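Next comes model-v4.cif, a file with mmCIF, N, CA and C atoms.
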data_data
loop_
_atom_site.label_atom_id
_atom_site.label_comp_id
_atom_site.auth_asym_id
_atom_site.auth_seq_id
_atom_site.Cartn_x
_atom_site.Cartn_y
_atom_site.Cartn_z
N MET A 726 -2.19 11.68 -11.17
CA MET A 726 -3.24 11.85 -12.15
C MET A 726 -3.35 13.34 -12.43
N LYS A 727 -3.37 13.69 -13.69
CA LYS A 727 -3.47 15.11 -14.05
C LYS A 727 -4.88 15.41 -14.46
N LYS A 728 -5.31 16.54 -14.07
CA LYS A 728 -6.64 17.00 -14.46
C LYS A 728 -6.47 18.36 -15.09
N ARG A 729 -7.14 18.55 -16.19
CA ARG A 729 -7.17 19.90 -16.77
C ARG A 729 -8.48 20.51 -16.34
N MET A 730 -8.37 21.64 -15.84
CA MET A 730 -9.59 22.31 -15.37
C MET A 730 -9.69 23.66 -16.05
N LEU A 731 -10.86 23.94 -16.53
CA LEU A 731 -11.12 25.25 -17.10
C LEU A 731 -11.78 26.05 -16.00
N VAL A 732 -11.10 27.08 -15.63
CA VAL A 732 -11.60 27.89 -14.53
C VAL A 732 -12.17 29.17 -15.09
N MET A 733 -13.41 29.36 -14.81
CA MET A 733 -14.06 30.63 -15.21
C MET A 733 -13.93 31.58 -14.03
N ALA A 734 -13.18 32.58 -14.27
CA ALA A 734 -13.02 33.56 -13.23
C ALA A 734 -13.72 34.83 -13.67
N LEU A 735 -14.77 35.11 -13.01
CA LEU A 735 -15.50 36.34 -13.30
C LEU A 735 -14.91 37.43 -12.42
N ALA A 736 -14.20 38.27 -13.07
CA ALA A 736 -13.59 39.36 -12.32
C ALA A 736 -14.38 40.63 -12.61
N LEU A 737 -15.27 40.88 -11.75
CA LEU A 737 -16.07 42.09 -11.90
C LEU A 737 -15.39 43.19 -11.10
N SER A 738 -14.85 44.08 -11.83
CA SER A 738 -14.22 45.16 -11.10
C SER A 738 -14.83 46.49 -11.53
N ALA A 739 -15.28 47.16 -10.57
CA ALA A 739 -15.85 48.48 -10.84
C ALA A 739 -15.04 49.47 -10.04
N SER A 740 -13.83 49.62 -10.50
CA SER A 740 -12.99 50.54 -9.76
C SER A 740 -13.10 51.93 -10.38
N VAL A 741 -13.09 52.83 -9.54
CA VAL A 741 -13.22 54.22 -9.96
C VAL A 741 -11.84 54.85 -9.92
N ALA A 742 -11.49 55.42 -11.04
CA ALA A 742 -10.19 56.08 -11.10
C ALA A 742 -10.38 57.55 -10.78
N PHE A 743 -9.69 57.95 -9.81
CA PHE A 743 -9.78 59.36 -9.43
C PHE A 743 -8.54 60.08 -9.91
N GLY A 744 -8.72 61.18 -10.46
CA GLY A 744 -7.60 62.01 -10.92
C GLY A 744 -7.10 62.87 -9.78
N ALA A 745 -6.11 63.60 -10.05
CA ALA A 745 -5.51 64.47 -9.05
C ALA A 745 -6.48 65.51 -8.54
N CYS A 746 -7.46 65.87 -9.32
CA CYS A 746 -8.40 66.92 -8.92
C CYS A 746 -9.66 66.33 -8.32
N GLY A 747 -9.70 64.99 -8.10
CA GLY A 747 -10.90 64.41 -7.52
C GLY A 747 -11.89 63.95 -8.56
N GLY A 748 -11.64 64.12 -9.82
CA GLY A 748 -12.57 63.66 -10.82
C GLY A 748 -12.08 62.35 -11.39
N GLY A 749 -12.91 61.64 -12.11
CA GLY A 749 -12.49 60.41 -12.75
C GLY A 749 -13.66 59.71 -13.36
N THR A 750 -13.36 58.58 -13.97
CA THR A 750 -14.42 57.80 -14.61
C THR A 750 -14.39 56.39 -14.07
N ALA A 751 -15.51 55.74 -14.15
CA ALA A 751 -15.62 54.35 -13.71
C ALA A 751 -15.30 53.43 -14.86
N GLU A 752 -14.59 52.32 -14.56
CA GLU A 752 -14.30 51.33 -15.58
C GLU A 752 -15.48 50.39 -15.72
N GLU A 753 -15.62 49.80 -16.88
CA GLU A 753 -16.68 48.84 -17.12
C GLU A 753 -16.31 47.51 -16.47
N PRO A 754 -17.31 46.77 -15.95
CA PRO A 754 -17.04 45.43 -15.43
C PRO A 754 -16.52 44.53 -16.56
N THR A 755 -15.56 43.61 -16.22
CA THR A 755 -15.01 42.73 -17.23
C THR A 755 -15.21 41.28 -16.82
N THR A 756 -15.23 40.37 -17.81
CA THR A 756 -15.29 38.93 -17.57
C THR A 756 -14.00 38.36 -18.12
N GLU A 757 -13.32 37.57 -17.31
CA GLU A 757 -12.03 37.04 -17.71
C GLU A 757 -12.09 35.52 -17.66
N VAL A 758 -11.60 34.83 -18.67
CA VAL A 758 -11.55 33.37 -18.70
C VAL A 758 -10.10 32.98 -18.53
N VAL A 759 -9.85 32.14 -17.50
CA VAL A 759 -8.49 31.70 -17.22
C VAL A 759 -8.45 30.20 -17.33
N GLU A 760 -7.49 29.67 -18.08
CA GLU A 760 -7.33 28.23 -18.21
C GLU A 760 -6.13 27.85 -17.37
N SER A 761 -6.32 26.86 -16.51
CA SER A 761 -5.19 26.44 -15.69
C SER A 761 -5.09 24.93 -15.70
N THR A 762 -3.90 24.45 -15.49
CA THR A 762 -3.66 23.02 -15.39
C THR A 762 -3.30 22.74 -13.95
N GLU A 763 -4.04 21.87 -13.34
CA GLU A 763 -3.79 21.52 -11.95
C GLU A 763 -3.39 20.06 -11.90
N THR A 764 -2.32 19.77 -11.22
CA THR A 764 -1.86 18.40 -11.10
C THR A 764 -2.27 17.88 -9.74
N THR A 765 -2.99 16.81 -9.77
CA THR A 765 -3.39 16.15 -8.53
C THR A 765 -2.73 14.79 -8.52
N GLU A 766 -1.92 14.54 -7.51
CA GLU A 766 -1.25 13.25 -7.43
C GLU A 766 -1.84 12.47 -6.28
N GLU A 767 -1.90 11.17 -6.49
CA GLU A 767 -2.40 10.29 -5.45
C GLU A 767 -1.45 10.37 -4.26
N ALA A 768 -1.98 10.19 -3.09
CA ALA A 768 -1.14 10.23 -1.90
C ALA A 768 -0.08 9.14 -2.00
N THR A 769 1.14 9.53 -1.73
CA THR A 769 2.23 8.57 -1.84
C THR A 769 2.74 8.13 -0.48
N THR A 770 2.00 8.45 0.55
CA THR A 770 2.43 8.01 1.87
C THR A 770 2.29 6.50 1.93
N GLU A 771 3.29 5.89 2.51
CA GLU A 771 3.28 4.45 2.59
C GLU A 771 2.43 4.04 3.78
N ALA A 772 1.42 3.26 3.50
CA ALA A 772 0.60 2.72 4.57
C ALA A 772 1.28 1.43 5.03
N GLU A 773 0.99 1.05 6.25
CA GLU A 773 1.55 -0.20 6.72
C GLU A 773 1.00 -1.32 5.85
N PRO A 774 1.88 -2.24 5.47
CA PRO A 774 1.40 -3.32 4.62
C PRO A 774 0.35 -4.14 5.37
N GLU A 775 -0.62 -4.57 4.61
CA GLU A 775 -1.66 -5.36 5.23
C GLU A 775 -1.08 -6.72 5.59
N THR A 776 -1.34 -7.15 6.79
CA THR A 776 -0.85 -8.45 7.22
C THR A 776 -2.00 -9.22 7.81
N ASN A 777 -1.73 -10.46 8.02
CA ASN A 777 -2.73 -11.31 8.65
C ASN A 777 -2.42 -11.49 10.13
N GLU A 778 -1.69 -10.54 10.70
CA GLU A 778 -1.35 -10.62 12.11
C GLU A 778 -2.60 -10.48 12.97
N THR A 779 -2.63 -11.25 14.01
CA THR A 779 -3.70 -11.08 14.99
C THR A 779 -3.34 -9.90 15.89
N MET A 780 -4.29 -9.43 16.63
CA MET A 780 -4.03 -8.35 17.57
C MET A 780 -2.97 -8.77 18.58
N GLY A 781 -3.04 -10.02 19.04
CA GLY A 781 -2.06 -10.52 20.00
C GLY A 781 -0.65 -10.54 19.42
N GLN A 782 -0.53 -10.92 18.15
CA GLN A 782 0.78 -10.94 17.51
C GLN A 782 1.34 -9.53 17.36
N LYS A 783 0.49 -8.61 16.91
CA LYS A 783 0.94 -7.22 16.76
C LYS A 783 1.41 -6.66 18.09
N ASN A 784 0.65 -6.91 19.13
CA ASN A 784 1.01 -6.38 20.44
C ASN A 784 2.26 -7.06 21.00
N ALA A 785 2.43 -8.34 20.71
CA ALA A 785 3.63 -9.05 21.16
C ALA A 785 4.87 -8.47 20.49
N VAL A 786 4.78 -8.14 19.21
CA VAL A 786 5.91 -7.53 18.50
C VAL A 786 6.22 -6.17 19.12
N ARG A 787 5.18 -5.38 19.36
CA ARG A 787 5.39 -4.06 19.96
C ARG A 787 6.00 -4.15 21.35
N LYS A 788 5.50 -5.07 22.15
CA LYS A 788 6.02 -5.24 23.52
C LYS A 788 7.46 -5.75 23.47
N ALA A 789 7.77 -6.63 22.53
CA ALA A 789 9.13 -7.13 22.39
C ALA A 789 10.08 -5.98 22.07
N LYS A 790 9.68 -5.11 21.16
CA LYS A 790 10.51 -3.95 20.81
C LYS A 790 10.67 -3.02 22.01
N ASP A 791 9.61 -2.86 22.80
CA ASP A 791 9.70 -2.04 24.01
C ASP A 791 10.76 -2.60 24.97
N TYR A 792 10.72 -3.91 25.19
CA TYR A 792 11.69 -4.53 26.08
C TYR A 792 13.11 -4.39 25.56
N LEU A 793 13.30 -4.59 24.25
CA LEU A 793 14.64 -4.51 23.68
C LEU A 793 15.19 -3.09 23.71
N ALA A 794 14.32 -2.11 23.75
CA ALA A 794 14.78 -0.72 23.89
C ALA A 794 15.25 -0.44 25.31
N PHE A 795 14.87 -1.29 26.24
CA PHE A 795 15.18 -1.10 27.64
C PHE A 795 16.40 -1.90 28.09
N THR A 796 16.51 -3.14 27.63
CA THR A 796 17.59 -4.03 28.07
C THR A 796 17.82 -5.12 27.04
N GLY A 797 18.94 -5.82 27.17
CA GLY A 797 19.25 -6.91 26.26
C GLY A 797 18.52 -8.19 26.64
N PHE A 798 18.08 -8.91 25.64
CA PHE A 798 17.40 -10.19 25.84
C PHE A 798 17.89 -11.20 24.82
N SER A 799 17.92 -12.45 25.23
CA SER A 799 18.10 -13.54 24.28
C SER A 799 16.74 -13.82 23.66
N HIS A 800 16.73 -14.56 22.58
CA HIS A 800 15.47 -14.93 21.92
C HIS A 800 14.57 -15.67 22.91
N SER A 801 15.12 -16.68 23.56
CA SER A 801 14.30 -17.47 24.50
C SER A 801 13.93 -16.66 25.73
N GLY A 802 14.83 -15.80 26.20
CA GLY A 802 14.52 -14.96 27.36
C GLY A 802 13.41 -13.97 27.06
N LEU A 803 13.40 -13.45 25.83
CA LEU A 803 12.34 -12.52 25.43
C LEU A 803 11.00 -13.24 25.34
N ILE A 804 11.01 -14.44 24.82
CA ILE A 804 9.77 -15.23 24.76
C ILE A 804 9.23 -15.46 26.16
N GLU A 805 10.11 -15.84 27.09
CA GLU A 805 9.68 -16.07 28.48
C GLU A 805 9.10 -14.80 29.09
N GLN A 806 9.73 -13.66 28.82
CA GLN A 806 9.24 -12.39 29.37
C GLN A 806 7.87 -12.05 28.79
N LEU A 807 7.69 -12.26 27.50
CA LEU A 807 6.39 -11.98 26.87
C LEU A 807 5.32 -12.91 27.41
N GLU A 808 5.67 -14.16 27.65
CA GLU A 808 4.71 -15.10 28.25
C GLU A 808 4.35 -14.64 29.66
N PHE A 809 5.34 -14.16 30.40
CA PHE A 809 5.08 -13.64 31.75
C PHE A 809 4.09 -12.47 31.68
N GLU A 810 4.18 -11.69 30.60
CA GLU A 810 3.26 -10.56 30.39
C GLU A 810 1.86 -11.00 30.00
N GLY A 811 1.67 -12.30 29.75
CA GLY A 811 0.34 -12.81 29.44
C GLY A 811 0.12 -13.20 27.99
N PHE A 812 1.14 -13.06 27.16
CA PHE A 812 1.00 -13.50 25.77
C PHE A 812 1.09 -15.01 25.72
N SER A 813 0.36 -15.61 24.80
CA SER A 813 0.45 -17.06 24.62
C SER A 813 1.84 -17.40 24.09
N THR A 814 2.21 -18.67 24.17
CA THR A 814 3.51 -19.10 23.66
C THR A 814 3.64 -18.76 22.18
N GLU A 815 2.56 -18.95 21.43
CA GLU A 815 2.59 -18.65 19.99
C GLU A 815 2.77 -17.16 19.74
N GLU A 816 2.05 -16.33 20.48
CA GLU A 816 2.18 -14.87 20.32
C GLU A 816 3.57 -14.40 20.74
N ALA A 817 4.06 -14.93 21.86
CA ALA A 817 5.38 -14.53 22.36
C ALA A 817 6.47 -14.93 21.37
N THR A 818 6.37 -16.12 20.81
CA THR A 818 7.35 -16.57 19.83
C THR A 818 7.27 -15.71 18.58
N TYR A 819 6.07 -15.39 18.15
CA TYR A 819 5.90 -14.52 16.99
C TYR A 819 6.52 -13.16 17.26
N GLY A 820 6.30 -12.62 18.45
CA GLY A 820 6.86 -11.32 18.82
C GLY A 820 8.38 -11.33 18.77
N ALA A 821 8.99 -12.37 19.33
CA ALA A 821 10.45 -12.47 19.34
C ALA A 821 10.99 -12.69 17.92
N ASP A 822 10.28 -13.47 17.13
CA ASP A 822 10.72 -13.76 15.76
C ASP A 822 10.61 -12.55 14.84
N ASN A 823 9.71 -11.63 15.15
CA ASN A 823 9.40 -10.53 14.24
C ASN A 823 9.72 -9.14 14.78
N CYS A 824 10.50 -9.05 15.83
CA CYS A 824 10.82 -7.75 16.42
C CYS A 824 12.04 -7.10 15.78
N GLY A 825 12.72 -7.82 14.91
CA GLY A 825 13.87 -7.24 14.22
C GLY A 825 15.16 -7.26 15.01
N ALA A 826 15.21 -8.05 16.07
CA ALA A 826 16.41 -8.06 16.92
C ALA A 826 17.58 -8.75 16.23
N ASP A 827 18.76 -8.21 16.49
CA ASP A 827 20.02 -8.86 16.12
C ASP A 827 20.47 -9.54 17.42
N TRP A 828 20.38 -10.85 17.48
CA TRP A 828 20.60 -11.57 18.74
C TRP A 828 22.07 -11.51 19.16
N ASN A 829 23.00 -11.40 18.22
CA ASN A 829 24.40 -11.18 18.59
C ASN A 829 24.54 -9.84 19.31
N GLU A 830 23.91 -8.82 18.74
CA GLU A 830 23.97 -7.49 19.36
C GLU A 830 23.30 -7.51 20.73
N GLN A 831 22.24 -8.26 20.86
CA GLN A 831 21.58 -8.38 22.17
C GLN A 831 22.51 -9.03 23.19
N ALA A 832 23.29 -10.02 22.75
CA ALA A 832 24.25 -10.67 23.65
C ALA A 832 25.32 -9.66 24.09
N ALA A 833 25.74 -8.81 23.17
CA ALA A 833 26.74 -7.78 23.51
C ALA A 833 26.15 -6.79 24.51
N ILE A 834 24.91 -6.40 24.30
CA ILE A 834 24.24 -5.46 25.22
C ILE A 834 24.13 -6.08 26.61
N LYS A 835 23.70 -7.34 26.66
CA LYS A 835 23.54 -8.02 27.95
C LYS A 835 24.90 -8.20 28.63
N ALA A 836 25.94 -8.52 27.86
CA ALA A 836 27.29 -8.68 28.43
C ALA A 836 27.74 -7.37 29.07
N GLU A 837 27.52 -6.27 28.36
CA GLU A 837 27.90 -4.96 28.90
C GLU A 837 27.11 -4.64 30.17
N GLU A 838 25.83 -4.96 30.18
CA GLU A 838 25.01 -4.72 31.38
C GLU A 838 25.56 -5.51 32.56
N TYR A 839 25.94 -6.76 32.33
CA TYR A 839 26.50 -7.57 33.41
C TYR A 839 27.80 -6.96 33.92
N LEU A 840 28.68 -6.57 33.00
CA LEU A 840 29.99 -6.05 33.42
C LEU A 840 29.87 -4.68 34.09
N ASN A 841 28.79 -3.97 33.84
CA ASN A 841 28.57 -2.69 34.52
C ASN A 841 28.15 -2.87 35.97
N THR A 842 27.69 -4.06 36.33
CA THR A 842 27.21 -4.28 37.70
C THR A 842 28.05 -5.26 38.51
N MET A 843 28.83 -6.14 37.83
CA MET A 843 29.65 -7.12 38.54
C MET A 843 30.80 -7.57 37.66
N SER A 844 31.75 -8.22 38.27
CA SER A 844 32.93 -8.69 37.55
C SER A 844 32.75 -10.14 37.12
N PHE A 845 33.24 -10.44 35.93
CA PHE A 845 33.18 -11.80 35.39
C PHE A 845 34.50 -12.11 34.70
N SER A 846 34.87 -13.36 34.75
CA SER A 846 35.92 -13.84 33.85
C SER A 846 35.26 -14.01 32.49
N ARG A 847 36.07 -14.17 31.45
CA ARG A 847 35.50 -14.40 30.13
C ARG A 847 34.60 -15.62 30.13
N ASP A 848 35.11 -16.72 30.68
CA ASP A 848 34.32 -17.96 30.70
C ASP A 848 33.06 -17.79 31.55
N GLY A 849 33.20 -17.08 32.67
CA GLY A 849 32.04 -16.85 33.53
C GLY A 849 30.97 -16.00 32.83
N LEU A 850 31.40 -15.00 32.06
CA LEU A 850 30.48 -14.15 31.33
C LEU A 850 29.76 -14.95 30.24
N ILE A 851 30.53 -15.76 29.53
CA ILE A 851 29.91 -16.59 28.49
C ILE A 851 28.91 -17.56 29.10
N GLU A 852 29.29 -18.15 30.22
CA GLU A 852 28.39 -19.08 30.91
C GLU A 852 27.10 -18.38 31.35
N GLN A 853 27.25 -17.16 31.87
CA GLN A 853 26.07 -16.40 32.31
C GLN A 853 25.17 -16.06 31.11
N LEU A 854 25.77 -15.66 30.01
CA LEU A 854 24.98 -15.34 28.80
C LEU A 854 24.26 -16.58 28.28
N GLU A 855 24.93 -17.72 28.33
CA GLU A 855 24.26 -18.96 27.91
C GLU A 855 23.11 -19.30 28.86
N PHE A 856 23.33 -19.07 30.16
CA PHE A 856 22.26 -19.29 31.14
C PHE A 856 21.06 -18.41 30.83
N GLU A 857 21.31 -17.19 30.32
CA GLU A 857 20.23 -16.26 29.95
C GLU A 857 19.51 -16.67 28.68
N GLY A 858 20.04 -17.70 27.99
CA GLY A 858 19.36 -18.20 26.81
C GLY A 858 20.05 -17.91 25.49
N PHE A 859 21.19 -17.25 25.54
CA PHE A 859 21.94 -17.02 24.31
C PHE A 859 22.62 -18.31 23.88
N THR A 860 22.76 -18.49 22.58
CA THR A 860 23.49 -19.65 22.07
C THR A 860 24.97 -19.47 22.41
N ALA A 861 25.76 -20.55 22.27
CA ALA A 861 27.19 -20.46 22.54
C ALA A 861 27.84 -19.43 21.62
N GLU A 862 27.42 -19.39 20.37
CA GLU A 862 27.98 -18.44 19.41
C GLU A 862 27.62 -17.00 19.79
N GLN A 863 26.39 -16.79 20.19
CA GLN A 863 25.96 -15.44 20.59
C GLN A 863 26.69 -15.01 21.85
N ALA A 864 26.86 -15.92 22.80
CA ALA A 864 27.57 -15.60 24.05
C ALA A 864 29.03 -15.25 23.76
N GLU A 865 29.66 -16.01 22.88
CA GLU A 865 31.04 -15.71 22.46
C GLU A 865 31.11 -14.32 21.83
N TYR A 866 30.16 -14.03 20.96
CA TYR A 866 30.12 -12.73 20.31
C TYR A 866 29.98 -11.63 21.36
N GLY A 867 29.08 -11.80 22.31
CA GLY A 867 28.86 -10.81 23.35
C GLY A 867 30.10 -10.55 24.17
N ALA A 868 30.79 -11.60 24.55
CA ALA A 868 32.02 -11.46 25.34
C ALA A 868 33.11 -10.75 24.54
N THR A 869 33.23 -11.10 23.29
CA THR A 869 34.23 -10.45 22.42
C THR A 869 33.89 -8.99 22.20
N ALA A 870 32.62 -8.69 22.04
CA ALA A 870 32.19 -7.32 21.76
C ALA A 870 32.50 -6.37 22.92
N VAL A 871 32.57 -6.88 24.13
CA VAL A 871 32.85 -6.02 25.29
C VAL A 871 34.34 -6.04 25.67
N GLY A 872 35.15 -6.66 24.85
CA GLY A 872 36.58 -6.57 25.07
C GLY A 872 37.25 -7.83 25.58
N TYR A 873 36.51 -8.90 25.77
CA TYR A 873 37.16 -10.16 26.20
C TYR A 873 37.63 -10.91 25.01
#

In structure tokens, write the structure found in this file.
Amino acid sequence: MKKRMLVMALALSASVAFGACGGGTAEEPTTEVVESTETTEEATTEAEPETNETMGQKNAVRKAKDYLAFTGFSHSGLIEQLEFEGFSTEEATYGADNCGADWNEQAAIKAEEYLNTMSFSRDGLIEQLEFEGFTAEQAEYGATAVGY
């Protein structure tokens, strides 16, 4: 939104000009009118979109993201962990559904974590990932992503 503002600037200056010999005269005070254009724009910062999320849902999403930053989880494993933390089944499911996880990538992360601590055959790794709650497709992806 643009606003035109007329700014009255009263510049009263009573400066005394001194000559080389110490003499001089005083200038008369002046009034100056300055017109300026000021542009004011509405704040363009993006606010979080308004949602109908409950406090429990918001916190479940945040906690889900916290867990995923720490270790790999399957969708069902994350729901179980959130329930263990005290979230209701509905809140935990909402958190897992809305945390932005790529479940294939989570399977790859979990597969790498397993291989960093113990040895597995390809089939054994896939079986372990499925036991953790990954689908057969996600477990296959995880095993392939780590080199099997």

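Minimum distance to Gly820 in chain A across A:Gly858, A:Gly797, A:Gly781, A:Gly867 (counting only N, CA and C atoms) occurs at A:Gly781.
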
Mind checking which residues fall within 7 Å of range 825-840 of chain A, counting all atoms listed in the file, ignoring those fewer than 3 positions away in the same chain, and posting them as number ranges by chain? A: 796-800, 820-822, 843-845, 850, 854, 859, 862-864, 866-868, 870-871

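In terms of minimum interatomic distance to Arg787 in chain A, A:Asn823 ranks closest within A:Asn823, A:Gln806, A:Thr814, A:Thr842, counting all atoms listed in the file.
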
Selection near Tyr819 in chain A, 12 Å with only C-alpha atoms, sequence-local residues under 5 positions removed, as a PyMOL selection string: chain A and resi 778-789+800-801+803-804+807-808+812-814+824-825

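We find atom C of Glu805 in chain A and CA of Ala817 in chain A to be spaced 7.7 Å apart.
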
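Straight-line separation from atom C of Ala861 in chain A to CA of Glu816 in chain A: 26.1 Å.
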
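CA of Gly872 in chain A is found 26.5 Å from CA of Lys790 in chain A.
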